[in-house]
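Each remark here refers to the structure printed beneath this line.
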Amino acid sequence: MKLLEGKVAVVTGSARGIGFGIAKVLSEKGARIVITDVMEEAAKEAAEKLKEAGGDAIYVVSDVSKKEDADKIFEKTTEAYGQLDILVNNAGINRDMMAHKMTEEAWDAVIGVNLTGVYHCIRSVLPYMREREYGRIINISSAGWQGNIGQANYSAAKAGVIGLTKTIAKENAKKGITCNAICPGFIETTMTTSIPEKAWNIMVSKIPMGYVGKPEDVGKAIAFLASDEAAYITAEIMNVGGGMVL
Ligand code: NAP
């Protein structure tokens, strides 16, 4: 039997990048997948790719910064599959600029998706998971939670995700629900390949393993945390970064 056989997993921001890598690994491990993203065509294509590879997947178009969209993910998932076992809060954006030049728009956008979006999705599934006394919530923070030049909004949101993770873990520990966070280091996606070559080389020089991670590296850690094997692990913050510490 596969590790996640019989489970249903929602992965936010999973049309591409780390989110798709997570969805792919969870699908390979036997979970039925709900791809959610802001872009309809890309979300549809991602779900198709999983099905072509032998998995079972649907897609839901959703902007997690909006509470009603997060509620829609929960409704469509339970409507299609009759259950929701695993929630992976991956959707994230960056709008990098120095704090003294930060615009209100850049601050609000990043906090809205990367922190409030995580809260919205958790808020919409918690009553159901508590009632069922089962749930796996995994939030994607970042090695950047410790502070990164040009990322006041991003670092604040990702540090917030860690506090949120620990609180949700403690509040729901007696209800069969675990909540953990993953901090990816430097992973190859459009979020990172778009940075200037000089900055790319500096980041790579900080990785003890000497190479940039793949989205599937994050997916493999999540598959474990999402499984019944990790029932006694909660409120943990796990780095997946080849040893990188900022
Ligand atoms: P990515 O390639 O930009 O993918 C992010 C996905 O999220 C995109 O499909 C994006 O859609 C979607 N998205 C954006 N805003 C959304 C919203 N409001 N609601 C739903 N979906 C939304 O980024 P990534 O590198 O895979 O990053 C994934 C997560 O890992 C993020 O939380 C990021 O902060 C975190 N992370 C990444 C790295 C890294 O090295 N790549 C390191 C540490 C942490 P659009 O394309 O339309 O925007």
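Residue numbering restarts at 1 in every chain; chains get A, B, ... in the order shown in the structure tokens, and ligands count up from 1 in that same order.
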
If you count only C-alpha atoms and all ligand atoms, which residues end up within 6 Å of ligand 1, as a compact mmCIF listing (two decimals) with C-alpha atoms, in the first residue's frame?
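In the end it all went to out_3.txt:
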# COMPACT_ATOMS: atom_id res chain seq x y z
CA THR A 12 -2.37 25.81 -2.75
CA GLY A 13 -0.41 27.59 -5.49
CA SER A 14 0.21 24.23 -7.17
CA ALA A 15 -0.06 25.05 -10.87
CA ARG A 16 3.72 25.29 -10.98
CA GLY A 17 6.92 25.60 -8.95
CA ILE A 18 7.26 24.01 -5.53
CA GLY A 19 3.48 23.57 -5.28
CA ASP A 37 -4.12 28.34 -8.10
CA VAL A 38 -5.08 31.78 -9.40
CA MET A 39 -4.50 30.86 -13.05
CA SER A 62 -8.72 30.32 -6.04
CA ASP A 63 -6.93 33.38 -4.69
CA VAL A 64 -6.08 32.42 -1.11
CA SER A 65 -5.85 36.05 -0.01
CA ASN A 90 2.22 26.70 -0.40
CA ALA A 91 0.90 29.72 -2.38
CA GLY A 92 3.31 32.60 -2.04
CA ILE A 93 4.60 35.70 -3.77
CA VAL A 113 -1.09 35.95 0.25
CA ILE A 140 5.44 26.58 3.60
CA SER A 141 7.52 29.19 5.38
CA SER A 142 11.03 30.01 4.12
CA ALA A 143 14.63 30.09 5.25
CA PRO A 184 12.69 25.60 1.81
CA GLY A 185 16.19 26.94 1.25
CA PHE A 186 16.95 27.81 -2.37
CA ILE A 187 14.76 25.84 -4.78
CA GLU A 188 14.72 26.09 -8.57
CA THR A 189 11.42 27.78 -9.59
CA THR A 190 10.46 31.00 -11.39
CA MET A 191 10.61 32.74 -7.99
CA THR A 192 14.37 32.08 -7.91

Compile the contact shell of Ile162 in chain A as a PyMOL selection string: residues with an atom at most 12 Å away, counting only C-alpha atoms, same-chain residues fewer than 4 positions apart removed.
-> chain A and resi 114-115+118-119+138-146+155-158+166-169+179-183+235-238

Using only C-alpha atoms, find the one residue out of A:Glu104, A:Asp71, A:Glu131, A:Glu79 that sits nearest to Gly117 in chain A.
-> A:Asp71

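For the residues A:Thr77, A:Asn153, A:Thr178, A:Ser227, ranking by smallest atom-to-atom distance to Arg95 in chain A using only C-alpha atoms places A:Asn153 first.
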
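The coordinates place CA of Thr103 in chain A at 21.0 Å from CA of Ser194 in chain A.
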
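Of note, CA of Ile111 in chain A and CA of Gly163 in chain A are spaced 14.1 Å apart.
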
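You can rank A:Asp69, A:Asp96, A:Asp56, A:Glu5 by their closest distance to Tyr154 in chain A using only C-alpha atoms, and at the top of that list sits A:Asp96.
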
From the list A:Val34, A:Gly160, A:Ala43, A:Gly243, which residue is nearest Gly213 in chain A when using only C-alpha atoms?
-> A:Gly243

Enumerate, as a PyMOL selection string, the complete set of residues in chain A that a backbone-based DSSP assignment places in helix (DSSP H, G or I).
-> chain A and resi 17-28+40-52+67-81+99-101+104-132+143-146+152-175+190-193+197-205+215-226+228-230

DSSP on the backbone, then: every residue of range 175-241 of chain A marked strand (DSSP E), written as an MDAnalysis selection string.
-> chainID A and resid 177:184 237:240

Using the selection just defined, write its residues with C-alpha atoms as an mmCIF file, in the first residue's frame.
data_model
loop_
_atom_site.group_PDB
_atom_site.id
_atom_site.type_symbol
_atom_site.label_atom_id
_atom_site.label_comp_id
_atom_site.auth_asym_id
_atom_site.auth_seq_id
_atom_site.Cartn_x
_atom_site.Cartn_y
_atom_site.Cartn_z
ATOM 1 C CA ILE A 177 -4.535 17.265 13.802
ATOM 2 C CA THR A 178 -0.857 17.979 13.266
ATOM 3 C CA CYS A 179 0.484 21.272 11.970
ATOM 4 C CA ASN A 180 4.091 21.686 10.852
ATOM 5 C CA ALA A 181 6.059 24.084 8.676
ATOM 6 C CA ILE A 182 8.711 23.526 6.035
ATOM 7 C CA CYS A 183 11.346 26.151 5.320
ATOM 8 C CA PRO A 184 12.692 25.595 1.812
ATOM 9 C CA ILE A 237 9.763 23.659 11.669
ATOM 10 C CA MET A 238 11.811 21.648 9.159
ATOM 11 C CA ASN A 239 14.477 23.117 6.877
ATOM 12 C CA VAL A 240 14.758 21.625 3.382
#

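Residues within 12 Å of Glu52 in chain A, counting only C-alpha atoms and excluding same-chain residues fewer than 6 positions away, are Lys24, Ser27, Glu28, Glu45 and Ala46 of chain A.
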
Got a sec: who's within 9 Å of Tyr134 in chain A, counting only C-alpha atoms, leaving out chain neighbours fewer than 4 positions off, as a ChimeraX atom specification?
-> /A:85,128-130,175-178

How many Å lie between CA of Gly241 in chain A and CA of Ala221 in chain A, rounded to one decimal?
-> 11.2 Å

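Proximity ranking of A:Ala109, A:Ala99, A:Ile137, A:Val61 relative to Ala230 in chain A places A:Ile137 first, based on only C-alpha atoms.
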